[in-house]
Structures are given as structure tokens and as C-alpha cells.
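Structure file final_19.tsv (TSV, C-alpha atoms and all ligand atoms) is printed below.
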```
chain	number	residue	atom	x	y	z
H	240	MET	CA	9.57	16.37	-34.41
H	241	ARG	CA	8.02	12.90	-34.33
H	242	ILE	CA	9.75	10.52	-31.93
H	243	ASP	CA	9.52	7.59	-34.37
H	244	SER	CA	11.54	9.66	-36.87
H	245	ILE	CA	14.14	10.48	-34.19
H	246	LEU	CA	14.39	6.79	-33.25
H	247	GLN	CA	15.06	5.88	-36.86
H	248	GLU	CA	18.11	8.13	-36.77
H	249	ARG	CA	19.56	7.40	-33.33
H	250	ARG	CA	19.14	5.94	-29.88
H	251	THR	CA	17.55	8.50	-27.60
H	252	LEU	CA	18.15	10.22	-24.29
H	253	SER	CA	14.96	11.68	-22.87
H	254	PHE	CA	13.51	13.07	-19.64
H	255	GLU	CA	10.18	13.00	-17.87
H	256	VAL	CA	8.76	15.88	-15.84
H	257	PHE	CA	5.45	16.27	-14.04
H	258	PRO	CA	3.24	19.33	-13.50
H	259	PRO	CA	4.21	20.71	-10.09
H	260	LYS	CA	1.44	21.45	-7.61
H	261	GLN	CA	-0.01	24.95	-7.87
H	262	GLU	CA	1.15	25.84	-4.34
H	263	HIS	CA	4.75	24.81	-5.09
H	264	ASP	CA	5.18	26.55	-8.45
H	265	GLU	CA	2.20	28.73	-9.21
H	266	ASP	CA	3.54	30.44	-12.34
H	267	LEU	CA	5.57	27.40	-13.50
H	268	SER	CA	8.78	29.41	-13.27
H	269	GLY	CA	10.36	26.57	-11.24
H	270	ILE	CA	9.68	23.91	-13.86
H	271	LYS	CA	10.78	26.31	-16.58
H	272	LYS	CA	14.10	26.71	-14.77
H	273	THR	CA	14.45	22.91	-14.53
H	274	LEU	CA	13.66	22.45	-18.22
H	275	THR	CA	16.05	25.23	-19.20
H	276	ALA	CA	18.82	23.49	-17.24
H	277	LEU	CA	18.02	20.17	-18.94
H	278	THR	CA	18.50	21.71	-22.41
H	279	ALA	CA	22.25	21.57	-21.61
H	280	VAL	CA	22.41	17.94	-22.76
H	281	SER	CA	20.04	18.34	-25.74
H	282	PRO	CA	17.53	15.62	-24.82
H	283	ASP	CA	15.82	14.01	-27.81
H	284	PHE	CA	12.43	14.58	-26.19
H	285	VAL	CA	10.86	15.56	-22.88
H	286	SER	CA	7.71	13.85	-21.66
H	287	VAL	CA	5.11	15.58	-19.50
H	288	THR	CA	2.91	13.44	-17.25
H	289	TYR	CA	-0.83	13.82	-17.06
H	290	GLY	CA	-2.89	13.22	-13.94
H	291	ALA	CA	-5.53	10.57	-14.34
H	292	GLY	CA	-8.75	12.46	-13.69
H	293	GLY	CA	-7.46	15.66	-15.21
H	294	HIS	CA	-6.74	17.91	-12.22
H	295	ASN	CA	-3.44	19.08	-13.73
H	296	ARG	CA	-4.55	19.11	-17.37
H	297	PRO	CA	-4.07	22.85	-18.11
H	298	ARG	CA	-0.66	22.85	-16.44
H	299	ALA	CA	0.46	19.80	-18.45
H	300	LEU	CA	-0.41	21.70	-21.63
H	301	ASP	CA	1.42	24.81	-20.36
H	302	ILE	CA	4.52	22.70	-19.68
H	303	ALA	CA	4.39	21.15	-23.17
H	304	GLU	CA	4.33	24.73	-24.46
H	305	ILE	CA	7.41	25.60	-22.36
H	306	VAL	CA	9.20	22.51	-23.75
H	307	ILE	CA	8.48	23.74	-27.29
H	308	SER	CA	9.55	27.30	-26.44
H	309	LEU	CA	12.92	25.85	-25.36
H	310	GLU	CA	13.23	24.14	-28.76
H	311	MET	CA	12.84	20.64	-27.37
H	312	THR	CA	10.43	17.94	-28.57
H	313	PRO	CA	7.51	17.29	-26.20
H	314	LEU	CA	5.82	13.94	-25.55
H	315	SER	CA	2.46	14.55	-23.86
H	316	HIS	CA	1.07	11.75	-21.73
H	317	LEU	CA	-2.70	11.22	-21.98
H	318	THR	CA	-4.71	8.92	-19.74
H	319	ALA	CA	-7.97	7.07	-20.23
H	320	VAL	CA	-9.17	7.18	-16.61
H	321	GLY	CA	-12.13	9.47	-16.15
H	322	TYR	CA	-12.06	10.90	-19.66
H	323	THR	CA	-14.81	11.01	-22.23
H	324	LYS	CA	-14.22	11.01	-25.95
H	325	GLU	CA	-15.28	14.67	-25.96
H	326	ASP	CA	-12.63	15.59	-23.31
H	327	THR	CA	-10.01	13.72	-25.29
H	328	LYS	CA	-10.99	15.44	-28.53
H	329	ARG	CA	-10.59	18.82	-26.84
H	330	VAL	CA	-7.19	17.93	-25.38
H	331	THR	CA	-5.82	16.44	-28.59
H	332	GLY	CA	-7.11	19.52	-30.44
H	333	ALA	CA	-5.26	21.77	-27.98
H	334	LEU	CA	-2.10	19.65	-28.33
H	335	SER	CA	-2.23	19.89	-32.13
H	336	GLU	CA	-2.65	23.66	-31.92
H	337	LEU	CA	0.44	23.88	-29.71
H	338	GLY	CA	2.38	21.78	-32.24
H	339	VAL	CA	2.70	18.66	-30.07
H	340	GLU	CA	3.23	15.65	-32.36
H	341	ASN	CA	3.80	12.89	-29.79
H	342	VAL	CA	1.39	11.33	-27.30
H	343	LEU	CA	1.99	8.57	-24.75
H	344	ALA	CA	-1.36	6.76	-24.63
H	345	LEU	CA	-1.95	5.38	-21.14
H	346	ARG	CA	-4.75	3.94	-19.10
H	347	GLY	CA	-3.74	5.73	-15.90
H	348	ASP	CA	-4.51	4.65	-12.36
H	349	VAL	CA	-7.52	5.87	-10.44
H	350	PRO	CA	-5.98	8.34	-7.97
H	351	ALA	CA	-6.70	7.26	-4.38
H	352	GLU	CA	-7.78	10.76	-3.33
H	353	MET	CA	-10.15	11.18	-6.27
H	354	LYS	CA	-13.81	10.32	-5.97
H	355	PHE	CA	-15.42	9.78	-9.32
H	356	PRO	CA	-19.14	10.41	-9.43
H	357	GLN	CA	-19.35	7.68	-12.05
H	358	ASP	CA	-17.32	4.78	-13.36
H	359	PRO	CA	-13.71	6.01	-13.80
H	360	TRP	CA	-13.61	4.15	-17.11
H	361	VAL	CA	-16.02	6.51	-18.82
H	362	ASP	CA	-15.41	6.02	-22.53
H	363	PHE	CA	-12.15	4.07	-22.51
H	364	ARG	CA	-11.32	0.95	-20.51
H	365	TYR	CA	-7.70	0.38	-21.54
H	366	ALA	CA	-4.80	2.30	-23.04
H	367	LEU	CA	-5.59	0.40	-26.24
H	368	ASP	CA	-9.03	2.05	-26.44
H	369	LEU	CA	-7.45	5.48	-26.06
H	370	ALA	CA	-4.78	4.64	-28.66
H	371	GLU	CA	-7.48	3.50	-31.08
H	372	PHE	CA	-9.34	6.80	-30.61
H	373	ILE	CA	-6.23	8.97	-31.02
H	374	ALA	CA	-4.52	7.02	-33.83
H	375	PRO	CA	-6.44	8.65	-36.69
H	376	LYS	CA	-5.40	12.09	-35.40
H	377	ARG	CA	-1.92	11.41	-36.74
H	378	PHE	CA	0.03	11.76	-33.49
H	379	CYS	CA	3.12	9.64	-33.10
H	380	LEU	CA	1.90	7.27	-30.36
H	381	GLY	CA	3.89	5.70	-27.55
H	382	GLY	CA	2.78	3.15	-24.96
H	383	ALA	CA	3.85	1.91	-21.52
H	384	ALA	CA	5.72	-1.37	-21.01
H	385	TYR	CA	6.46	-3.35	-17.84
H	386	PRO	CA	9.70	-5.36	-17.58
H	387	GLU	CA	8.48	-6.77	-14.26
H	388	LYS	CA	4.82	-7.26	-15.23
H	389	HIS	CA	1.96	-4.83	-14.72
H	390	PRO	CA	0.57	-5.48	-11.22
H	391	GLU	CA	-2.86	-6.38	-12.63
H	392	SER	CA	-1.58	-8.73	-15.34
H	393	PRO	CA	-1.63	-12.49	-14.84
H	394	ASP	CA	1.89	-12.87	-16.24
H	395	SER	CA	4.53	-11.21	-18.41
H	396	ALA	CA	3.43	-13.09	-21.53
H	397	TRP	CA	0.09	-11.30	-21.27
H	398	ASP	CA	1.83	-7.92	-21.04
H	399	VAL	CA	3.82	-8.75	-24.18
H	400	GLU	CA	0.57	-9.75	-25.94
H	401	ILE	CA	-0.88	-6.32	-24.98
H	402	MET	CA	2.25	-4.65	-26.40
H	403	SER	CA	1.76	-6.52	-29.69
H	404	ARG	CA	-1.84	-5.31	-29.79
H	405	LYS	CA	-0.72	-1.73	-29.05
H	406	GLU	CA	1.79	-1.94	-31.87
H	407	ARG	CA	-0.89	-3.16	-34.26
H	408	MET	CA	-3.05	-0.23	-33.08
H	409	GLY	CA	-0.35	2.22	-34.20
H	410	VAL	CA	1.94	2.58	-31.15
H	411	ARG	CA	5.41	3.35	-32.53
H	412	PHE	CA	7.57	3.06	-29.39
H	413	PHE	CA	7.37	1.93	-25.77
H	414	ILE	CA	8.74	3.43	-22.56
H	415	THR	CA	9.19	1.07	-19.65
H	416	GLN	CA	8.23	1.31	-16.05
H	417	LEU	CA	11.29	1.98	-13.88
H	418	PHE	CA	13.48	-0.98	-12.98
H	419	PHE	CA	16.76	-1.37	-11.12
H	420	ASP	CA	17.90	-4.71	-12.47
H	421	ASN	CA	19.16	-4.61	-16.06
H	422	ASP	CA	18.99	-8.40	-16.42
H	423	VAL	CA	15.24	-8.13	-15.95
H	424	PHE	CA	15.09	-5.56	-18.76
H	425	PHE	CA	17.23	-7.59	-21.17
H	426	LYS	CA	15.13	-10.75	-20.59
H	427	PHE	CA	11.96	-8.74	-21.11
H	428	ARG	CA	13.28	-7.21	-24.33
H	429	ASP	CA	14.21	-10.68	-25.62
H	430	ALA	CA	10.69	-11.91	-24.81
H	431	CYS	CA	9.18	-8.93	-26.69
H	432	ARG	CA	11.36	-9.48	-29.74
H	433	GLY	CA	10.66	-13.22	-29.60
H	434	ALA	CA	6.94	-12.47	-29.67
H	435	GLY	CA	7.33	-10.20	-32.70
H	436	VAL	CA	7.19	-6.77	-31.01
H	437	ARG	CA	9.33	-4.60	-33.29
H	438	ALA	CA	8.83	-1.07	-31.92
H	439	PRO	CA	11.76	0.49	-30.00
H	440	ILE	CA	11.66	-0.14	-26.25
H	441	ILE	CA	13.04	2.80	-24.27
H	442	ALA	CA	14.29	2.02	-20.75
H	443	GLY	CA	12.79	4.10	-17.92
H	444	ILE	CA	15.42	4.88	-15.28
H	445	MET	CA	14.66	6.35	-11.88
H	446	PRO	CA	17.53	8.22	-10.20
H	447	ILE	CA	17.92	7.35	-6.53
H	448	PHE	CA	17.35	10.53	-4.59
H	449	LYS	CA	16.50	9.19	-1.14
H	450	ALA	CA	16.27	5.71	0.42
H	451	GLN	CA	12.72	6.35	1.63
H	452	GLN	CA	11.58	7.39	-1.85
H	453	ILE	CA	12.99	4.20	-3.39
H	454	ARG	CA	11.43	1.99	-0.70
H	455	ARG	CA	8.05	3.59	-1.43
H	456	ILE	CA	8.44	3.19	-5.21
H	457	VAL	CA	9.47	-0.44	-4.81
H	458	GLU	CA	6.40	-1.07	-2.67
H	459	ILE	CA	4.05	0.51	-5.22
H	460	SER	CA	5.59	-0.85	-8.42
H	461	GLY	CA	6.74	-4.22	-7.06
H	462	CYS	CA	10.07	-3.89	-8.90
H	463	SER	CA	12.99	-5.95	-7.70
H	464	VAL	CA	15.98	-4.50	-5.87
H	465	PRO	CA	19.34	-6.14	-6.71
H	466	ALA	CA	21.65	-6.90	-3.77
H	467	LYS	CA	24.03	-4.11	-4.82
H	468	LEU	CA	21.28	-1.48	-4.59
H	469	GLU	CA	19.94	-2.97	-1.37
H	470	ALA	CA	23.42	-2.51	0.14
H	471	ILE	CA	23.49	1.16	-0.96
H	472	LEU	CA	20.03	1.80	0.51
H	473	ASP	CA	21.06	0.25	3.83
H	474	ARG	CA	24.48	1.81	4.02
H	475	TYR	CA	23.56	5.43	3.22
H	476	ALA	CA	20.00	5.60	4.57
H	477	GLY	CA	20.91	8.31	7.08
H	478	ASP	CA	23.17	10.39	4.87
H	479	ASP	CA	21.39	12.18	1.99
H	480	ALA	CA	24.54	13.47	0.30
H	481	ALA	CA	26.27	10.08	0.32
H	482	MET	CA	23.05	8.41	-0.84
H	483	GLU	CA	22.77	10.83	-3.75
H	484	ASN	CA	26.37	10.20	-4.76
H	485	ALA	CA	26.05	6.41	-4.58
H	486	GLY	CA	22.61	6.57	-6.22
H	487	SER	CA	23.95	8.63	-9.13
H	488	ASP	CA	26.74	6.13	-9.62
H	489	TYR	CA	24.22	3.31	-9.60
H	490	ALA	CA	21.96	4.99	-12.20
H	491	ALA	CA	24.94	5.94	-14.38
H	492	SER	CA	26.29	2.39	-14.42
H	493	GLN	CA	22.79	1.07	-15.15
H	494	ILE	CA	22.66	3.42	-18.16
H	495	VAL	CA	26.13	2.45	-19.40
H	496	GLU	CA	25.28	-1.26	-19.26
H	497	LEU	CA	21.96	-0.71	-21.04
H	498	TRP	CA	23.63	1.40	-23.71
H	499	ASN	CA	26.31	-1.22	-24.26
H	500	GLY	CA	23.53	-3.79	-24.46
H	501	GLY	CA	22.01	-1.93	-27.40
H	502	VAL	CA	19.02	-0.30	-25.67
H	503	ASP	CA	16.87	1.81	-28.03
H	504	GLY	CA	16.83	4.75	-25.63
H	505	VAL	CA	17.12	5.86	-22.01
H	506	HIS	CA	14.34	7.86	-20.37
H	507	LEU	CA	15.17	9.45	-17.02
H	508	TYR	CA	12.39	10.10	-14.52
H	509	THR	CA	13.70	13.46	-13.36
H	510	MET	CA	11.24	14.11	-10.51
H	511	ASN	CA	11.66	17.72	-11.72
H	512	LYS	CA	15.25	17.84	-10.44
H	513	SER	CA	17.85	18.89	-12.97
H	514	ARG	CA	21.09	18.94	-10.98
H	515	GLN	CA	21.34	15.26	-10.11
H	516	VAL	CA	19.92	14.20	-13.47
H	517	LEU	CA	22.58	16.18	-15.34
H	518	ASP	CA	25.20	14.68	-13.05
H	519	ILE	CA	23.97	11.15	-13.90
H	520	VAL	CA	24.07	11.91	-17.63
H	521	ALA	CA	27.63	13.25	-17.25
H	522	ARG	CA	28.75	10.22	-15.22
H	523	SER	CA	27.26	7.87	-17.81
H	524	GLY	CA	29.21	9.64	-20.57
H	525	LEU	CA	26.10	9.60	-22.76
H	526	ARG	CA	26.12	13.32	-23.51
H	527	SER	CA	28.34	16.14	-22.39
H	528	ALA	CA	26.69	19.39	-21.36
H	529	LYS	CA	26.83	22.43	-23.64
H	530	ASN	CA	28.09	25.52	-21.83
F	1	LIG	P1	-2.97	-0.78	-20.17
F	1	LIG	O1	-2.04	-1.04	-21.28
F	1	LIG	O2	-4.41	-0.53	-20.50
F	1	LIG	O3	-2.85	-2.01	-19.16
F	1	LIG	C1	-3.47	-1.98	-17.86
F	1	LIG	C2	-3.77	-3.42	-17.43
F	1	LIG	O4	-4.84	-3.92	-18.23
F	1	LIG	C3	-2.60	-4.38	-17.66
F	1	LIG	O5	-2.64	-5.35	-16.65
F	1	LIG	C4	-2.90	-4.99	-19.02
F	1	LIG	O6	-2.31	-6.25	-19.18
F	1	LIG	C5	-4.43	-5.05	-18.99
F	1	LIG	N1	-5.04	-4.91	-20.32
F	1	LIG	C6	-4.73	-3.99	-21.27
F	1	LIG	N2	-5.53	-4.12	-22.35
F	1	LIG	C7	-6.37	-5.15	-22.08
F	1	LIG	C8	-7.44	-5.78	-22.79
F	1	LIG	N3	-7.80	-5.38	-24.00
F	1	LIG	N4	-8.10	-6.80	-22.19
F	1	LIG	C9	-7.74	-7.24	-20.95
F	1	LIG	N5	-6.73	-6.69	-20.23
F	1	LIG	C10	-6.06	-5.65	-20.78
F	1	LIG	N6	-0.15	7.24	-15.08
F	1	LIG	C11	-0.77	8.44	-15.07
F	1	LIG	O7	-1.83	8.56	-14.46
F	1	LIG	N7	-0.24	9.54	-15.70
F	1	LIG	C12	0.92	9.46	-16.41
F	1	LIG	O8	1.36	10.47	-16.99
F	1	LIG	C13	1.61	8.20	-16.45
F	1	LIG	N8	2.77	8.06	-17.14
F	1	LIG	C14	3.35	6.82	-17.24
F	1	LIG	C15	4.51	6.66	-18.02
F	1	LIG	C16	5.11	5.42	-18.15
F	1	LIG	C17	6.35	5.28	-19.02
F	1	LIG	C18	4.58	4.29	-17.47
F	1	LIG	C19	5.24	2.94	-17.59
F	1	LIG	C20	3.45	4.43	-16.68
F	1	LIG	C21	2.81	5.69	-16.56
F	1	LIG	N9	1.65	5.87	-15.80
F	1	LIG	C22	1.03	7.09	-15.76
F	1	LIG	C23	1.11	4.76	-15.02
F	1	LIG	C24	0.09	3.91	-15.83
F	1	LIG	O9	-1.02	4.72	-16.15
F	1	LIG	C25	-0.32	2.73	-14.97
F	1	LIG	O10	0.75	1.82	-14.86
F	1	LIG	C26	-1.60	2.02	-15.35
F	1	LIG	O11	-1.94	1.12	-14.30
F	1	LIG	C27	-1.51	1.21	-16.63
F	1	LIG	O12	-1.39	1.99	-17.74
F	1	LIG	P2	-1.15	1.31	-19.18
F	1	LIG	O13	-1.19	2.38	-20.16
F	1	LIG	O14	-0.02	0.39	-19.14
F	1	LIG	O15	-2.52	0.45	-19.27
```

Rewrite the structure of this file - the entire thing - as C-alpha cells.
Ligand code: FAD
Amino acid sequence: MRIDSILQERRTLSFEVFPPKQEHDEDLSGIKKTLTALTAVSPDFVSVTYGAGGHNRPRALDIAEIVISLEMTPLSHLTAVGYTKEDTKRVTGALSELGVENVLALRGDVPAEMKFPQDPWVDFRYALDLAEFIAPKRFCLGGAAYPEKHPESPDSAWDVEIMSRKERMGVRFFITQLFFDNDVFFKFRDACRGAGVRAPIIAGIMPIFKAQQIRRIVEISGCSVPAKLEAILDRYAGDDAAMENAGSDYAASQIVELWNGGVDGVHLYTMNKSRQVLDIVARSGLRSAKN
């Protein structure tokens, strides 16, 4: 089903998974188990990331196929980095054959470990260029949004201008970069609406699994850490179980506040872990699990 149609009917709960490394899950039975567990709360869609440069391309397609086989709606990420128009035509053709109707059109980052023989921006420079190329293929297109500014952007107003351009190019919904401070999200949403961006803006929420993981993410993404979360990270740094419990509470209350604030949807970055994600959904009261 197209995600824009789903969003016309209701606010969404969705999940993101990534293709596991070959050596960790060669036959994808691990990710299949995770996805099967996640069906318990009937997510509105499941997104599958795509490595810039294409090293995990076949596995991303295989996972989209698993999502469909479990009667869930897939959202396939596609990136511009390192891809030619020909590559993209092949991938979008394969996605159509599988029955994938939704694509998240992204620029991607040049992976540090990847050495491109040529310019990484082969045929597309920005997500907008990729969206323009894919739009006529009749996918329902999504785009990325940054409540705390994309690191390369001069300011947030510029990011909102890019969102407006994406919307004019046919993007029908946005999913945000993770954030831990809901006030930041609400201000950002107001700025988008004030600038005329009408497409639904789905909030990306990262569960807190380990203090170290959050510190690393904060360093990379530059997102702010509210005092309440800082206290949790300090207090439970040495105790994984307590950290998970406090982290799940934090994510669940973030979701509840967003939901009460009228968010268009909540997208959980699962890190391919179903147990804690299902626990967060249960604590938030958003959906109860089917038996
Ligand atoms: P763009 O929208 O192209 O923006 C990139 C930068 O260029 C911004 O600073 C923007 O302001 C600027 N810009 C855009 N258009 C123009 C223009 N016409 N002229 C001048 N400047 C411009 N990465 C992956 O590799 N694989 C994934 O699966 C993946 N999934 C993601 C999912 C979500 C929800 C999010 C938020 C990010 C994801 N990323 C993924 C990371 C993303 O690829 C990076 O954040 C990347 O740096 C930017 O991608 P973008 O699509 O926002 O790029």
C-alpha cells in the first residue's frame, strides 16, 4: 500500500531495519525473525535502509521481499551516492517487480571505508536529483528531514527550503533524523508549516540501548541531549539492564508527548532489535501486541 494513502487515513507507527552483515546473518533468518516479531503490533510500514555505495543492495531487496511476505508495507530507502541513472533504473525496476510502492529518496553519505574510483556523486548530487529521476516511476516518495539541521546546511531555514523543494518534486512525506528533545521537533514542525510545507512529518525515534551507542550517535548527528537524558546516561552507564529500562521509559514518554502533540507518525529506529522496541511500543500505549 502507498504510505501517502495510509497517512490520509491515520497517524502511523513504523519501524526501520537495516541489512545485517553477511557474517552475522548469512541467510537473513535473523532479520526475518525480528520482522516476524514486529508484526505483533501491526506497523503501518517498515523501512529498509540502503548502503550508500551499494554493498548491501541485494540484501536490502531481499529484506523488502521478506517484509511483503509478512504482509507488511515496505519503504525502500535509495541513495544517490555512487549511483548512476542506469543502476537506479535497475533497482527501481526490481523494486516494482517485488511490489514495493514506497521509496525514501536520500542523498546518502559517502561511507568512510569506501574508496570510490570516481566522484561519489556520479549522476545525482542531491536527494532532490534522485527524487526527480524516480518521480515519474510512480513510487510514493518520502524524504529525510532534520529537526536540528543537516550538518552541512548553513541553517535550519535552508533545510526547510530544501523540504519545500522536495515536496514540489513529488515527495509525499518526511521522516526525521533522530532527536531526543521534543521541543526541538515541535519548533521545527512549526517552522515547516509556517514555510508552507504541507506533507506529513514523521518523527524518527531512536531507542536508547546503551550509553556508549547514544554518545556516538550524538557525536555523529550533533543532536542535543536534554538534561533528563543526560542524567540517565550518567546514572546507568555501567548497568546495561537498568539503562535499557530507563531508556525504554524515556523513548515511550517521548512518543506519548509527540502523539499528544499531534505528530503525523512515529518511526522507530529498531537497530534490528525487536524485544526492546515492542516493549517501548507497549509502554507508550500506542498499540497493543496481538497474541
Ligand atoms: P539532501 O536532501 O540532498 O541534503 C544534503 C545536504 O545538501 C543538506 O545540507 C541540504 O541542505 C543540501 N542540499 C540539498 N539540496 C540542495 C541543493 N539543490 N542545492 C544546495 N544544497 C542542497 N543514509 C544512507 O546512506 N542510507 C540510508 O538508508 C539512510 N536512511 C536515512 C533515513 C532517514 C530518515 C534519515 C533522516 C537519514 C538517512 N540516511 C541514510 C542519512 C542521509 O543519507 C544523510 O543524512 C545525508 O547526509 C543527507 O541525505 P538527504 O537525503 O537529507 O540529502

Contacts of ligand LIG 1 (chain F), 6 Å or closer, all atoms listed in the file, given as a list in words: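 Counting all atoms listed in the file, the residues within 6 Å of ligand LIG 1 (chain F) come out as Thr288, Tyr289, Gly290, Ala291, His316, Leu345, Arg346, Gly347, Asp348, Tyr365, Ala366, Leu367, Ala383, Ala384, His389, Glu391, Ser392, Trp397, Asp398, Ile401, Ile414, Thr415 and Gln416 of chain H.
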
H:Tyr475, H:Phe363, H:Phe412, H:Phe427 ranked by distance to H:Ile440, top pick (using all atoms listed in the file): H:Phe412

Point-to-point distance from atom CA of H:Val361 to atom CA of H:Glu304, Å rounded to tenths: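 Going from atom CA of H:Val361 over to atom CA of H:Glu304, I get 27.9 Å.
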
Polymer residues at most 12 Å from stretch 422-424 of chain H, all atoms listed in the file, same-chain spacing of 6 or more positions, as a list in words: Ala384, Tyr385, Pro386, Glu387, Lys388, Ser395, Ile414, Thr415, Gln416, Ala430, Cys431, Ile440, Ile441, Ala442, Gly443, Ile444, Cys462, Ser463, Val464, Pro465, Gln493, Ile494, Glu496, Leu497, Gly500, Gly501, Val502 and Asp503 of chain H

Residue nearest H:Asp368 - candidates H:Ala319, H:Ala480, H:Leu246, H:Leu334, atoms counted: only C-alpha atoms: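 Closest to H:Asp368 of all the choices is H:Ala319.
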
Å distance separating atom CA of H:Tyr508 from atom CA of H:Pro446, one decimal place: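 Pair atom CA of H:Tyr508 / atom CA of H:Pro446 returns 7.0 Å.
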
Shortest interatomic distance to H:Leu337 - which of H:Glu248, H:Glu469, H:Glu325, H:Asp301, counting all atoms listed in the file: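 Nearest candidate to H:Leu337 out of H:Glu248, H:Glu469, H:Glu325, H:Asp301: H:Asp301.
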
Between atom CA of H:Pro282 and atom CA of H:Arg404, distance in Å (one decimal): 28.9 Å

Residues within 7 Å of (18.0, 21.8, -15.2), file coords, only C-alpha atoms, listed as a list in words: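 Within 7 Å of (18.0, 21.8, -15.2), the protein and nucleic acid residues are Lys272, Thr273, Leu274, Thr275, Ala276, Leu277, Lys512, Ser513 and Arg514 of chain H.
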